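Structure data (compact mmCIF, C-alpha atoms) from model-v2.txt:
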```
# COMPACT_ATOMS: atom_id res chain seq x y z
CA MET R 732 -14.75 12.52 -3.03
CA LYS R 733 -11.96 14.84 -4.15
CA TYR R 734 -9.39 13.89 -6.78
CA THR R 735 -5.73 14.56 -7.24
CA VAL R 736 -3.29 14.25 -10.13
CA PHE R 737 -1.07 11.27 -9.37
CA GLY R 738 2.57 12.34 -9.39
CA ARG R 739 3.77 13.32 -12.85
CA THR R 740 1.24 11.12 -14.61
CA GLY R 741 -2.03 12.24 -16.15
CA LEU R 742 -4.05 10.04 -13.81
CA SER R 743 -6.74 11.67 -11.69
CA VAL R 744 -7.22 9.49 -8.63
CA SER R 745 -9.52 9.71 -5.63
CA GLN R 746 -8.09 11.06 -2.40
CA VAL R 747 -8.15 7.62 -0.77
CA ALA R 748 -7.53 4.24 -2.37
CA LEU R 749 -9.46 1.09 -1.54
CA GLY R 750 -7.12 -1.63 -0.34
CA THR R 751 -8.57 -5.08 -0.88
CA GLY R 752 -6.39 -7.25 1.33
CA ASN R 753 -9.60 -8.15 3.19
CA PHE R 754 -11.42 -9.30 0.02
CA GLY R 755 -11.66 -13.06 0.48
CA THR R 756 -11.13 -15.50 3.31
CA GLY R 757 -8.10 -17.43 2.10
CA TRP R 758 -6.07 -16.22 5.07
CA GLY R 759 -8.80 -17.24 7.51
CA HIS R 760 -9.66 -13.59 8.20
CA GLY R 761 -11.43 -11.34 5.72
CA ALA R 762 -14.69 -10.55 3.93
CA ASP R 763 -16.77 -13.05 1.99
CA PRO R 764 -17.80 -12.30 -1.62
CA ASP R 765 -21.10 -10.61 -0.72
CA ILE R 766 -19.51 -8.27 1.83
CA SER R 767 -16.60 -7.57 -0.52
CA LYS R 768 -19.08 -6.62 -3.24
CA ALA R 769 -20.96 -4.31 -0.88
CA ILE R 770 -17.71 -2.60 0.18
CA PHE R 771 -16.58 -2.18 -3.42
CA ASN R 772 -19.91 -0.75 -4.57
CA ALA R 773 -20.15 1.65 -1.62
CA TYR R 774 -16.63 2.92 -2.31
CA ALA R 775 -17.46 3.39 -6.00
CA ASP R 776 -20.74 5.14 -5.15
CA ALA R 777 -18.79 7.56 -2.97
CA GLY R 778 -16.66 8.46 -6.00
CA GLY R 779 -13.64 6.27 -5.29
CA ASN R 780 -11.70 5.15 -8.36
CA PHE R 781 -8.36 3.80 -7.06
CA ILE R 782 -8.18 0.07 -6.26
CA ASP R 783 -5.09 -1.51 -4.70
CA THR R 784 -4.57 -5.26 -4.44
CA ALA R 785 -1.82 -7.89 -4.72
CA ASP R 786 -1.50 -11.42 -6.02
CA ALA R 787 -0.72 -12.60 -2.48
CA TYR R 788 -3.85 -11.12 -0.88
CA GLN R 789 -6.02 -13.95 0.40
CA PHE R 790 -3.95 -16.27 -1.83
CA GLY R 791 -5.34 -14.81 -5.05
CA GLN R 792 -8.95 -14.49 -3.91
CA SER R 793 -8.76 -10.70 -3.73
CA GLU R 794 -7.82 -10.46 -7.41
CA GLU R 795 -10.44 -13.06 -8.37
CA LEU R 796 -13.21 -11.16 -6.60
CA LEU R 797 -12.10 -7.88 -8.17
CA GLY R 798 -12.09 -9.50 -11.60
CA THR R 799 -15.80 -10.20 -11.19
CA LEU R 800 -16.61 -6.84 -9.60
CA LEU R 801 -14.87 -4.90 -12.37
CA GLU R 802 -16.75 -6.56 -15.22
CA GLY R 803 -18.55 -3.92 -17.26
CA ARG R 804 -16.86 -0.99 -15.51
CA ARG R 805 -13.15 -1.64 -15.83
CA GLU R 806 -12.44 1.81 -17.29
CA ASP R 807 -13.95 3.54 -14.25
CA PHE R 808 -11.03 2.55 -12.03
CA VAL R 809 -7.28 2.78 -11.68
CA LEU R 810 -6.36 -0.83 -10.93
CA ALA R 811 -3.10 -1.54 -9.10
CA THR R 812 -1.71 -4.90 -8.09
CA LYS R 813 1.62 -6.30 -6.88
CA PHE R 814 3.97 -9.23 -7.36
CA THR R 815 6.75 -10.74 -5.24
CA ASN R 816 5.16 -13.17 -2.77
CA GLY R 817 3.17 -15.45 -5.08
CA ALA R 818 -0.53 -16.26 -4.96
CA VAL R 819 -0.41 -19.64 -3.23
CA PRO R 820 0.98 -20.82 0.11
CA ASN R 821 4.62 -21.83 -0.14
CA ALA R 822 4.89 -20.58 -3.73
CA ASP R 823 7.93 -21.86 -5.62
CA ARG R 824 11.09 -19.76 -5.52
CA LEU R 825 10.94 -19.27 -9.30
CA VAL R 826 7.63 -17.38 -9.09
CA THR R 827 8.47 -15.32 -6.01
CA GLY R 828 10.89 -12.47 -5.53
CA ASN R 829 11.62 -9.60 -7.94
CA SER R 830 13.21 -11.46 -10.87
CA ARG R 831 11.99 -10.91 -14.43
CA LYS R 832 10.85 -14.53 -14.50
CA ALA R 833 8.76 -14.06 -11.37
CA MET R 834 7.46 -10.75 -12.73
CA VAL R 835 6.33 -12.25 -16.05
CA ALA R 836 4.75 -15.31 -14.46
CA SER R 837 3.00 -13.17 -11.86
CA VAL R 838 1.58 -10.59 -14.24
CA GLU R 839 0.10 -13.26 -16.50
CA ALA R 840 -1.56 -14.98 -13.54
CA SER R 841 -2.87 -11.67 -12.16
CA LEU R 842 -4.33 -10.68 -15.54
CA LYS R 843 -6.30 -13.92 -15.62
CA ARG R 844 -7.64 -13.54 -12.10
CA LEU R 845 -8.50 -9.87 -12.68
CA LYS R 846 -10.13 -10.66 -16.05
CA THR R 847 -8.41 -7.74 -17.72
CA ASP R 848 -5.87 -7.19 -20.48
CA ARG R 849 -3.62 -4.80 -18.55
CA ILE R 850 -2.80 -3.51 -15.08
CA ASP R 851 -2.78 0.24 -14.56
CA ILE R 852 -0.10 0.35 -11.83
CA TYR R 853 2.10 -2.69 -11.28
CA TRP R 854 4.04 -2.72 -8.03
CA ALA R 855 7.04 -4.74 -6.93
CA HIS R 856 5.63 -5.57 -3.49
CA HIS R 857 8.92 -5.33 -1.60
CA PRO R 858 12.62 -5.85 -2.34
CA ASP R 859 13.80 -9.46 -2.24
CA GLY R 860 17.39 -8.60 -1.30
CA VAL R 861 18.82 -10.29 -4.39
CA THR R 862 17.44 -8.98 -7.69
CA PRO R 863 19.37 -5.97 -9.05
CA ILE R 864 17.25 -2.87 -9.57
CA GLU R 865 18.36 -2.89 -13.23
CA GLU R 866 16.54 -6.18 -13.71
CA ILE R 867 13.36 -4.83 -12.14
CA VAL R 868 13.42 -1.67 -14.28
CA ARG R 869 14.03 -3.69 -17.46
CA GLY R 870 11.28 -6.11 -16.54
CA PHE R 871 8.77 -3.29 -16.13
CA GLU R 872 9.84 -1.92 -19.52
CA ASP R 873 9.25 -5.28 -21.20
CA LEU R 874 5.78 -5.58 -19.67
CA ALA R 875 4.89 -2.04 -20.73
CA ARG R 876 6.01 -2.66 -24.30
CA ALA R 877 3.93 -5.83 -24.33
CA GLY R 878 0.88 -3.85 -23.22
CA LYS R 879 0.57 -5.73 -19.93
CA ILE R 880 1.08 -2.72 -17.61
CA VAL R 881 0.58 1.03 -17.94
CA TYR R 882 2.61 2.40 -15.00
CA ALA R 883 5.27 0.91 -12.73
CA GLY R 884 5.82 1.42 -9.01
CA LEU R 885 7.91 0.25 -6.08
CA SER R 886 6.32 -0.71 -2.78
CA ASN R 887 8.24 -0.82 0.52
CA PHE R 888 11.59 -0.06 -1.13
CA PRO R 889 14.15 2.12 0.69
CA ALA R 890 14.63 5.66 -0.57
CA TRP R 891 18.06 5.01 -2.06
CA ARG R 892 16.79 2.11 -4.19
CA LEU R 893 13.78 4.17 -5.22
CA ALA R 894 16.02 7.00 -6.39
CA ARG R 895 18.33 4.62 -8.24
CA ALA R 896 15.41 2.96 -10.02
CA VAL R 897 13.98 6.30 -11.14
CA THR R 898 17.39 7.40 -12.41
CA LEU R 899 18.06 4.15 -14.28
CA ALA R 900 14.66 4.31 -15.95
CA GLU R 901 15.36 7.88 -17.06
CA LEU R 902 18.85 7.09 -18.38
CA THR R 903 17.70 4.00 -20.29
CA ARG R 904 14.47 5.61 -21.52
CA ALA R 905 12.52 2.78 -19.94
CA ILE R 906 9.00 3.13 -18.59
CA PRO R 907 9.31 5.64 -15.73
CA ILE R 908 8.97 4.56 -12.13
CA ALA R 909 5.78 6.50 -11.49
CA ALA R 910 4.91 5.72 -7.90
CA ALA R 911 6.09 4.75 -4.44
CA GLN R 912 4.12 2.96 -1.74
CA PHE R 913 5.05 2.58 1.92
CA GLN R 914 3.60 2.38 5.42
CA HIS R 915 2.83 5.69 7.12
CA SER R 916 0.74 6.66 10.12
CA LEU R 917 0.90 8.50 13.42
CA VAL R 918 2.78 5.50 14.83
CA GLN R 919 4.96 4.93 11.75
CA ARG R 920 6.49 8.26 10.79
CA GLU R 921 9.96 7.11 9.71
CA PRO R 922 9.15 7.64 5.98
CA GLU R 923 9.06 11.38 6.61
CA VAL R 924 12.84 11.27 7.06
CA ASP R 925 13.70 10.02 3.57
CA LEU R 926 10.91 8.40 1.56
CA PHE R 927 8.57 11.39 1.45
CA PRO R 928 11.32 13.88 0.51
CA ALA R 929 12.67 11.50 -2.14
CA ALA R 930 9.27 10.75 -3.65
CA HIS R 931 8.24 14.40 -3.72
CA ALA R 932 11.58 15.45 -5.28
CA LEU R 933 11.33 12.72 -7.92
CA GLY R 934 7.74 13.63 -8.79
CA LEU R 935 6.31 10.26 -7.83
CA GLY R 936 2.74 9.47 -6.96
CA ILE R 937 2.71 8.49 -3.28
CA VAL R 938 0.47 5.82 -1.78
CA THR R 939 0.62 5.04 1.94
CA TRP R 940 -0.74 1.98 3.70
CA SER R 941 -2.03 1.27 7.20
CA PRO R 942 -2.98 4.85 8.18
CA LEU R 943 -4.76 3.32 11.19
CA GLY R 944 -1.70 1.45 12.42
CA GLY R 945 -3.42 -1.89 11.82
CA GLY R 946 -6.44 -0.57 13.75
CA MET R 947 -4.49 0.54 16.83
CA LEU R 948 -5.32 4.22 16.16
CA THR R 949 -9.07 3.54 16.28
CA GLY R 950 -8.77 2.74 19.98
CA LYS R 951 -10.64 -0.54 19.50
CA TYR R 952 -7.93 -2.70 21.03
CA ARG R 953 -8.37 -0.86 24.31
CA LYS R 954 -11.92 -2.21 24.28
CA GLY R 955 -10.84 -5.81 23.83
CA ASP R 956 -11.21 -6.10 20.06
CA LYS R 957 -8.77 -8.64 18.58
CA GLY R 958 -8.91 -7.59 14.89
CA ARG R 959 -5.53 -7.71 13.17
CA ALA R 960 -3.80 -8.33 16.47
CA GLU R 961 -4.80 -11.95 15.95
CA GLY R 962 -6.65 -12.09 12.60
CA PHE R 963 -3.53 -11.94 10.44
CA GLY R 964 -1.30 -13.65 12.96
CA GLY R 965 -0.31 -10.27 14.38
CA ARG R 966 1.09 -9.04 11.05
CA VAL R 967 0.48 -5.48 9.80
CA PHE R 968 -0.35 -4.47 13.37
CA GLN R 969 1.11 -1.74 15.53
CA PRO R 970 0.69 -2.54 19.24
CA GLU R 971 0.31 0.11 21.92
CA ASN R 972 3.63 -0.88 23.40
CA SER R 973 5.29 2.38 24.41
CA ALA R 974 4.56 5.50 26.40
CA GLN R 975 4.68 7.57 23.24
CA ARG R 976 2.15 5.38 21.46
CA THR R 977 -0.17 5.66 24.43
CA GLN R 978 0.17 9.45 24.29
CA VAL R 979 -0.49 9.40 20.53
CA LEU R 980 -3.69 7.42 20.94
CA ASP R 981 -4.78 9.57 23.88
CA THR R 982 -4.35 12.67 21.69
CA VAL R 983 -6.21 11.12 18.75
CA LEU R 984 -9.10 10.19 21.05
CA ALA R 985 -9.14 13.67 22.59
CA ILE R 986 -9.32 15.38 19.19
CA ALA R 987 -11.99 12.93 18.06
CA GLY R 988 -14.04 13.94 21.09
CA GLU R 989 -13.57 17.63 20.31
CA LEU R 990 -14.83 17.14 16.75
CA ASP R 991 -17.45 14.48 17.58
CA VAL R 992 -15.94 12.05 15.08
CA SER R 993 -14.25 8.67 15.37
CA ALA R 994 -10.59 8.26 16.26
CA GLY R 995 -10.03 6.44 12.97
CA GLN R 996 -11.29 9.44 11.03
CA VAL R 997 -8.81 11.69 12.81
CA ALA R 998 -5.95 9.30 11.98
CA ILE R 999 -6.90 9.03 8.30
CA ALA R 1000 -7.44 12.78 7.97
CA TRP R 1001 -3.96 13.38 9.43
CA ALA R 1002 -2.41 10.85 7.02
CA GLY R 1003 -3.99 12.75 4.13
CA THR R 1004 -2.10 15.94 4.98
CA HIS R 1005 1.24 14.67 3.61
CA GLY R 1006 0.63 14.77 -0.13
CA ALA R 1007 -0.12 11.04 -0.32
CA VAL R 1008 -3.09 8.87 -1.18
CA PRO R 1009 -3.79 6.78 1.94
CA ILE R 1010 -5.09 3.24 1.45
CA ILE R 1011 -8.09 2.23 3.54
CA GLY R 1012 -8.68 -1.49 4.00
CA PRO R 1013 -12.13 -2.05 5.53
CA ARG R 1014 -13.51 -5.50 6.30
CA SER R 1015 -17.12 -4.35 6.51
CA VAL R 1016 -19.41 -1.69 5.05
CA THR R 1017 -19.61 -0.13 8.51
CA GLN R 1018 -15.82 0.23 8.62
CA LEU R 1019 -15.82 1.69 5.11
CA ALA R 1020 -18.44 4.29 6.04
CA ASP R 1021 -16.39 5.32 9.05
CA ASN R 1022 -13.18 5.52 6.96
CA LEU R 1023 -14.87 7.66 4.31
CA GLY R 1024 -16.08 10.03 7.01
CA ALA R 1025 -12.48 11.24 7.25
CA LEU R 1026 -12.80 12.84 3.81
CA SER R 1027 -15.08 15.57 5.11
CA LEU R 1028 -13.00 16.19 8.22
CA GLU R 1029 -10.72 19.23 8.33
CA LEU R 1030 -8.25 19.25 11.16
CA SER R 1031 -7.24 22.68 12.40
CA ALA R 1032 -3.62 23.80 12.30
CA GLU R 1033 -3.56 23.54 16.11
CA GLN R 1034 -4.86 19.96 16.04
CA ILE R 1035 -2.37 18.92 13.36
CA SER R 1036 0.41 20.50 15.44
CA ARG R 1037 -0.66 18.53 18.51
CA LEU R 1038 -0.67 15.29 16.54
CA ASP R 1039 2.69 16.09 14.93
CA THR R 1040 4.26 16.91 18.27
CA VAL R 1041 3.06 13.89 20.22
CA SER R 1042 4.00 11.47 17.43
CA SER R 1043 7.32 13.15 16.57
CA HIS R 1044 9.90 10.71 15.26
CA VAL R 1045 13.56 11.26 16.05
CA PRO R 1046 15.71 9.79 13.25
CA SER R 1047 18.15 7.16 14.42
CA ALA R 1048 21.34 5.89 12.83
CA PRO R 1049 20.73 3.74 9.74
CA THR R 1050 20.50 0.03 10.43
CA ARG R 1051 23.26 -1.96 8.77
CA THR R 1052 21.79 -4.40 6.27
CA PRO R 1053 23.90 -7.51 5.57
CA VAL R 1054 24.80 -7.92 1.91
CA PRO R 1055 24.36 -11.66 1.26
CA TRP R 1056 26.60 -11.88 -1.78
CA ALA R 1057 29.49 -10.27 0.11
CA ALA R 1058 29.86 -13.51 2.03
CA GLY R 1059 29.29 -15.66 -1.02
CA ASP R 1060 25.79 -16.59 0.13
CA ILE R 1061 23.11 -15.79 -2.44
CA THR R 1062 20.35 -17.82 -0.79
CA ARG R 1063 17.13 -15.85 -0.55
CA THR R 1064 14.35 -16.53 1.91
CA VAL R 1065 11.07 -15.05 0.70
CA ALA R 1066 8.56 -14.36 3.44
```

Would you mind writing the file's structure down as structure tokens?
Amino acid sequence: MKYTVFGRTGLSVSQVALGTGNFGTGWGHGADPDISKAIFNAYADAGGNFIDTADAYQFGQSEELLGTLLEGRREDFVLATKFTNGAVPNADRLVTGNSRKAMVASVEASLKRLKTDRIDIYWAHHPDGVTPIEEIVRGFEDLARAGKIVYAGLSNFPAWRLARAVTLAELTRAIPIAAAQFQHSLVQREPEVDLFPAAHALGLGIVTWSPLGGGMLTGKYRKGDKGRAEGFGGRVFQPENSAQRTQVLDTVLAIAGELDVSAGQVAIAWAGTHGAVPIIGPRSVTQLADNLGALSLELSAEQISRLDTVSSHVPSAPTRTPVPWAAGDITRTVA
């Protein structure tokens, strides 16, 4: 396992992070405690030290399992978790969203489940469409001063809000926004238009999720596998629903055949060429072993060019986002 300095922090993190959305079975699809333990230990044995979770994952089970797995070796890992969605089905509106109240309630609950006294990177999971970025920045500062979090990050936020948050933190001498997280893969290249340039320019640590397109880039759905297409109700899944996506997968499979590796390894190796730490989210030790095989894979310049060309994203006009308070409606629906 290789390591990289994370943004402008002093953290040295492994080249891939272990996403633990599959730790637990609260969603009806995931890994039981024994399999979760085996995945965690195998990742650690391979040199991995970056763990990414969220209070919402498996309705809190992911954090609970990690709390047990980290006992006695907490300082060996960079532990990141998120707030916004709540840890129970139909969580109350006062403990969901990005408000300082939700942030405080969520961090205290996560600390208990994780059996730790602080979180290394605390993410706002996604924007709620209501809470001002000033409130989020100030909330992170309060948690840092209280010793609850070490670094702050924004997950799934648009580039303009990311830049504003970084600037506000600098101007107010609050805890810096240290990291950005967003989806990126051969079938989700839109972040290369704005999020990557913004994050690199701002000196942020970059974490990307779903490098396999929800498993689509492994080619398994062509063989009849259901996986995330049905396991998570179709969420976090990129279907092969266009001619371009078919060409992308065909190219990934062709390069995998040339190198005698799996298609998933090609996809992960490509994702690692953008200055980010990709998150892998295996549901079995076999999947983990395959994912980690990407770390020893070096794509040639010609192969990267072929993948870049076939998956090329043409920027479109920005989508207009309704501003709820402009119409006097401040009701928020939290997914």

One-decimal distance in Å that lies between atom CA of R:Phe781 and atom CA of R:Glu802
15.6 Å

Which residue is closest to R:Pro858? Choose from R:Pro1013, R:Ala890, R:Gly955, R:Val938 and count all atoms listed in the file.
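Checking each of R:Pro1013, R:Ala890, R:Gly955, R:Val938 against R:Pro858, counting all atoms listed in the file, the winner is R:Ala890.
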
Provide the atom CA of R:Val819 to atom CA of R:Val838 distance in Å, to one decimal place.
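Atom CA of R:Val819 sits 14.4 Å away from atom CA of R:Val838.
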
Taking into account only C-alpha atoms, which residue in the set R:His1005, R:Arg976, R:Arg869, R:Lys768 is nearest to R:Gln919?
R:Arg976

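Take atom CA of R:Ala787 and atom CA of R:Asn816: the distance between them is 5.9 Å.
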
Name the residues in contact with R:Ala748 at a cut-off of 7 Å, using all atoms listed in the file, excluding same-chain residues fewer than 4 positions from it; report them as a ChimeraX atom specification.
/R:781-783,1008-1011

Residues as selected, C-alpha atoms, written as an mmCIF file, keeping the file's coordinate frame, can you do that?
```cif
data_model
loop_
_atom_site.group_PDB
_atom_site.id
_atom_site.type_symbol
_atom_site.label_atom_id
_atom_site.label_comp_id
_atom_site.auth_asym_id
_atom_site.auth_seq_id
_atom_site.Cartn_x
_atom_site.Cartn_y
_atom_site.Cartn_z
ATOM 1 C CA PHE R 781 -8.360 3.800 -7.060
ATOM 2 C CA ILE R 782 -8.180 0.070 -6.260
ATOM 3 C CA ASP R 783 -5.090 -1.510 -4.700
ATOM 4 C CA VAL R 1008 -3.090 8.870 -1.180
ATOM 5 C CA PRO R 1009 -3.790 6.780 1.940
ATOM 6 C CA ILE R 1010 -5.090 3.240 1.450
ATOM 7 C CA ILE R 1011 -8.090 2.230 3.540
#
```

Box time for stretch 942-958 of chain R: axis-aligned, enclosing all its listed atoms, 6 Å extra on each side; report centre and edge lengths in Å to one decimal, as JSON.
```
{"center_x": -6.8, "center_y": -1.9, "center_z": 16.2, "size_x": 22.2, "size_y": 25.5, "size_z": 28.1}
```

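Closest approach to R:Ser830 among R:Ala877, R:Ala1025, R:Leu797, R:Val868: R:Val868, based on all atoms listed in the file.
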
Residues at most 8 Å from stretch 749-760 of chain R, counting all atoms listed in the file, excluding those fewer than 3 positions away in the same chain, as a ChimeraX atom specification?
/R:763-764,767,774,779,781-785,788-790,792-793,796,962-963,1010-1014

Excluding R:Thr982 and its own-chain neighbours fewer than 6 positions away, which residues fall within 8 Å of it when counting all atoms listed in the file? Please give them as a ChimeraX atom specification.
/R:1037-1038,1041

Which residues come within 8 Å of R:Gln969, counting all atoms listed in the file, excluding same-chain residues fewer than 2 positions away, as a PyMOL selection string?
chain R and resi 918+944-947+967+971

Can you pull out the residues contacting R:Ala987? Cut-off 12 Å, using all atoms listed in the file, and skip same-chain residues under 5 positions away; I want them as a list in words.
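Counting all atoms listed in the file, the residues come to Leu948, Thr949, Gly950, Leu980, Asp981, Thr982, Val992, Ser993, Ala994, Gly995, Gln996, Val997, Ala998, Ile999, Ala1000, Trp1001, Ala1025, Leu1028, Glu1029, Leu1030, Gln1034 and Leu1038 of chain R.
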
Measuring between all atoms listed in the file, which one of R:Gln978, R:Thr862, R:Asn780, R:Asn772 shows the shortest distance to R:Ser745?
R:Asn780

Min atom-atom distance to R:Ala1002 from the set R:His856, R:Gln746, R:Lys879, R:Ala762, counting only C-alpha atoms, belongs to R:Gln746

Write out N, CA, C and O atoms for stretch 851-865 of chain R, as a PDB file, keeping the file's coordinate frame.
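The resulting file, rebuild.pdb, is shown below:
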```pdb
ATOM      1  N   ASP R 851      -3.084  -1.191 -14.470  1.00  0.00           N
ATOM      2  CA  ASP R 851      -2.780   0.240 -14.560  1.00  0.00           C
ATOM      3  C   ASP R 851      -1.499   0.613 -13.811  1.00  0.00           C
ATOM      4  O   ASP R 851      -0.670   1.359 -14.322  1.00  0.00           O
ATOM      5  N   ILE R 852      -1.341   0.128 -12.581  1.00  0.00           N
ATOM      6  CA  ILE R 852      -0.100   0.350 -11.830  1.00  0.00           C
ATOM      7  C   ILE R 852       0.370  -1.005 -11.312  1.00  0.00           C
ATOM      8  O   ILE R 852      -0.350  -1.675 -10.567  1.00  0.00           O
ATOM      9  N   TYR R 853       1.564  -1.402 -11.706  1.00  0.00           N
ATOM     10  CA  TYR R 853       2.100  -2.690 -11.280  1.00  0.00           C
ATOM     11  C   TYR R 853       3.245  -2.440 -10.313  1.00  0.00           C
ATOM     12  O   TYR R 853       4.231  -1.780 -10.644  1.00  0.00           O
ATOM     13  N   TRP R 854       3.077  -2.951  -9.089  1.00  0.00           N
ATOM     14  CA  TRP R 854       4.040  -2.720  -8.030  1.00  0.00           C
ATOM     15  C   TRP R 854       4.937  -3.949  -7.819  1.00  0.00           C
ATOM     16  O   TRP R 854       4.439  -5.074  -7.808  1.00  0.00           O
ATOM     17  N   ALA R 855       6.211  -3.735  -7.586  1.00  0.00           N
ATOM     18  CA  ALA R 855       7.040  -4.740  -6.930  1.00  0.00           C
ATOM     19  C   ALA R 855       6.714  -4.590  -5.451  1.00  0.00           C
ATOM     20  O   ALA R 855       6.861  -3.504  -4.882  1.00  0.00           O
ATOM     21  N   HIS R 856       6.223  -5.667  -4.832  1.00  0.00           N
ATOM     22  CA  HIS R 856       5.630  -5.570  -3.490  1.00  0.00           C
ATOM     23  C   HIS R 856       6.645  -5.152  -2.430  1.00  0.00           C
ATOM     24  O   HIS R 856       6.340  -4.378  -1.527  1.00  0.00           O
ATOM     25  N   HIS R 857       7.836  -5.698  -2.506  1.00  0.00           N
ATOM     26  CA  HIS R 857       8.920  -5.330  -1.600  1.00  0.00           C
ATOM     27  C   HIS R 857      10.215  -5.884  -2.175  1.00  0.00           C
ATOM     28  O   HIS R 857      10.194  -6.829  -2.978  1.00  0.00           O
ATOM     29  N   PRO R 858      11.356  -5.333  -1.812  1.00  0.00           N
ATOM     30  CA  PRO R 858      12.620  -5.850  -2.340  1.00  0.00           C
ATOM     31  C   PRO R 858      12.900  -7.248  -1.816  1.00  0.00           C
ATOM     32  O   PRO R 858      12.571  -7.572  -0.671  1.00  0.00           O
ATOM     33  N   ASP R 859      13.499  -8.095  -2.666  1.00  0.00           N
ATOM     34  CA  ASP R 859      13.800  -9.460  -2.240  1.00  0.00           C
ATOM     35  C   ASP R 859      15.228  -9.615  -1.733  1.00  0.00           C
ATOM     36  O   ASP R 859      15.625 -10.689  -1.284  1.00  0.00           O
ATOM     37  N   GLY R 860      16.033  -8.549  -1.810  1.00  0.00           N
ATOM     38  CA  GLY R 860      17.390  -8.600  -1.300  1.00  0.00           C
ATOM     39  C   GLY R 860      18.394  -9.226  -2.249  1.00  0.00           C
ATOM     40  O   GLY R 860      19.570  -9.352  -1.919  1.00  0.00           O
ATOM     41  N   VAL R 861      17.939  -9.617  -3.443  1.00  0.00           N
ATOM     42  CA  VAL R 861      18.820 -10.290  -4.390  1.00  0.00           C
ATOM     43  C   VAL R 861      18.777  -9.642  -5.780  1.00  0.00           C
ATOM     44  O   VAL R 861      19.806  -9.324  -6.364  1.00  0.00           O
ATOM     45  N   THR R 862      17.588  -9.447  -6.313  1.00  0.00           N
ATOM     46  CA  THR R 862      17.440  -8.980  -7.690  1.00  0.00           C
ATOM     47  C   THR R 862      17.960  -7.560  -7.871  1.00  0.00           C
ATOM     48  O   THR R 862      17.524  -6.645  -7.155  1.00  0.00           O
ATOM     49  N   PRO R 863      18.877  -7.328  -8.804  1.00  0.00           N
ATOM     50  CA  PRO R 863      19.370  -5.970  -9.050  1.00  0.00           C
ATOM     51  C   PRO R 863      18.237  -5.060  -9.523  1.00  0.00           C
ATOM     52  O   PRO R 863      17.313  -5.505 -10.214  1.00  0.00           O
ATOM     53  N   ILE R 864      18.305  -3.803  -9.168  1.00  0.00           N
ATOM     54  CA  ILE R 864      17.250  -2.870  -9.570  1.00  0.00           C
ATOM     55  C   ILE R 864      17.198  -2.727 -11.079  1.00  0.00           C
ATOM     56  O   ILE R 864      16.147  -2.470 -11.661  1.00  0.00           O
ATOM     57  N   GLU R 865      18.353  -2.934 -11.762  1.00  0.00           N
ATOM     58  CA  GLU R 865      18.360  -2.890 -13.230  1.00  0.00           C
ATOM     59  C   GLU R 865      17.424  -3.939 -13.823  1.00  0.00           C
ATOM     60  O   GLU R 865      16.759  -3.690 -14.824  1.00  0.00           O
TER      61      GLU R 865
END
```
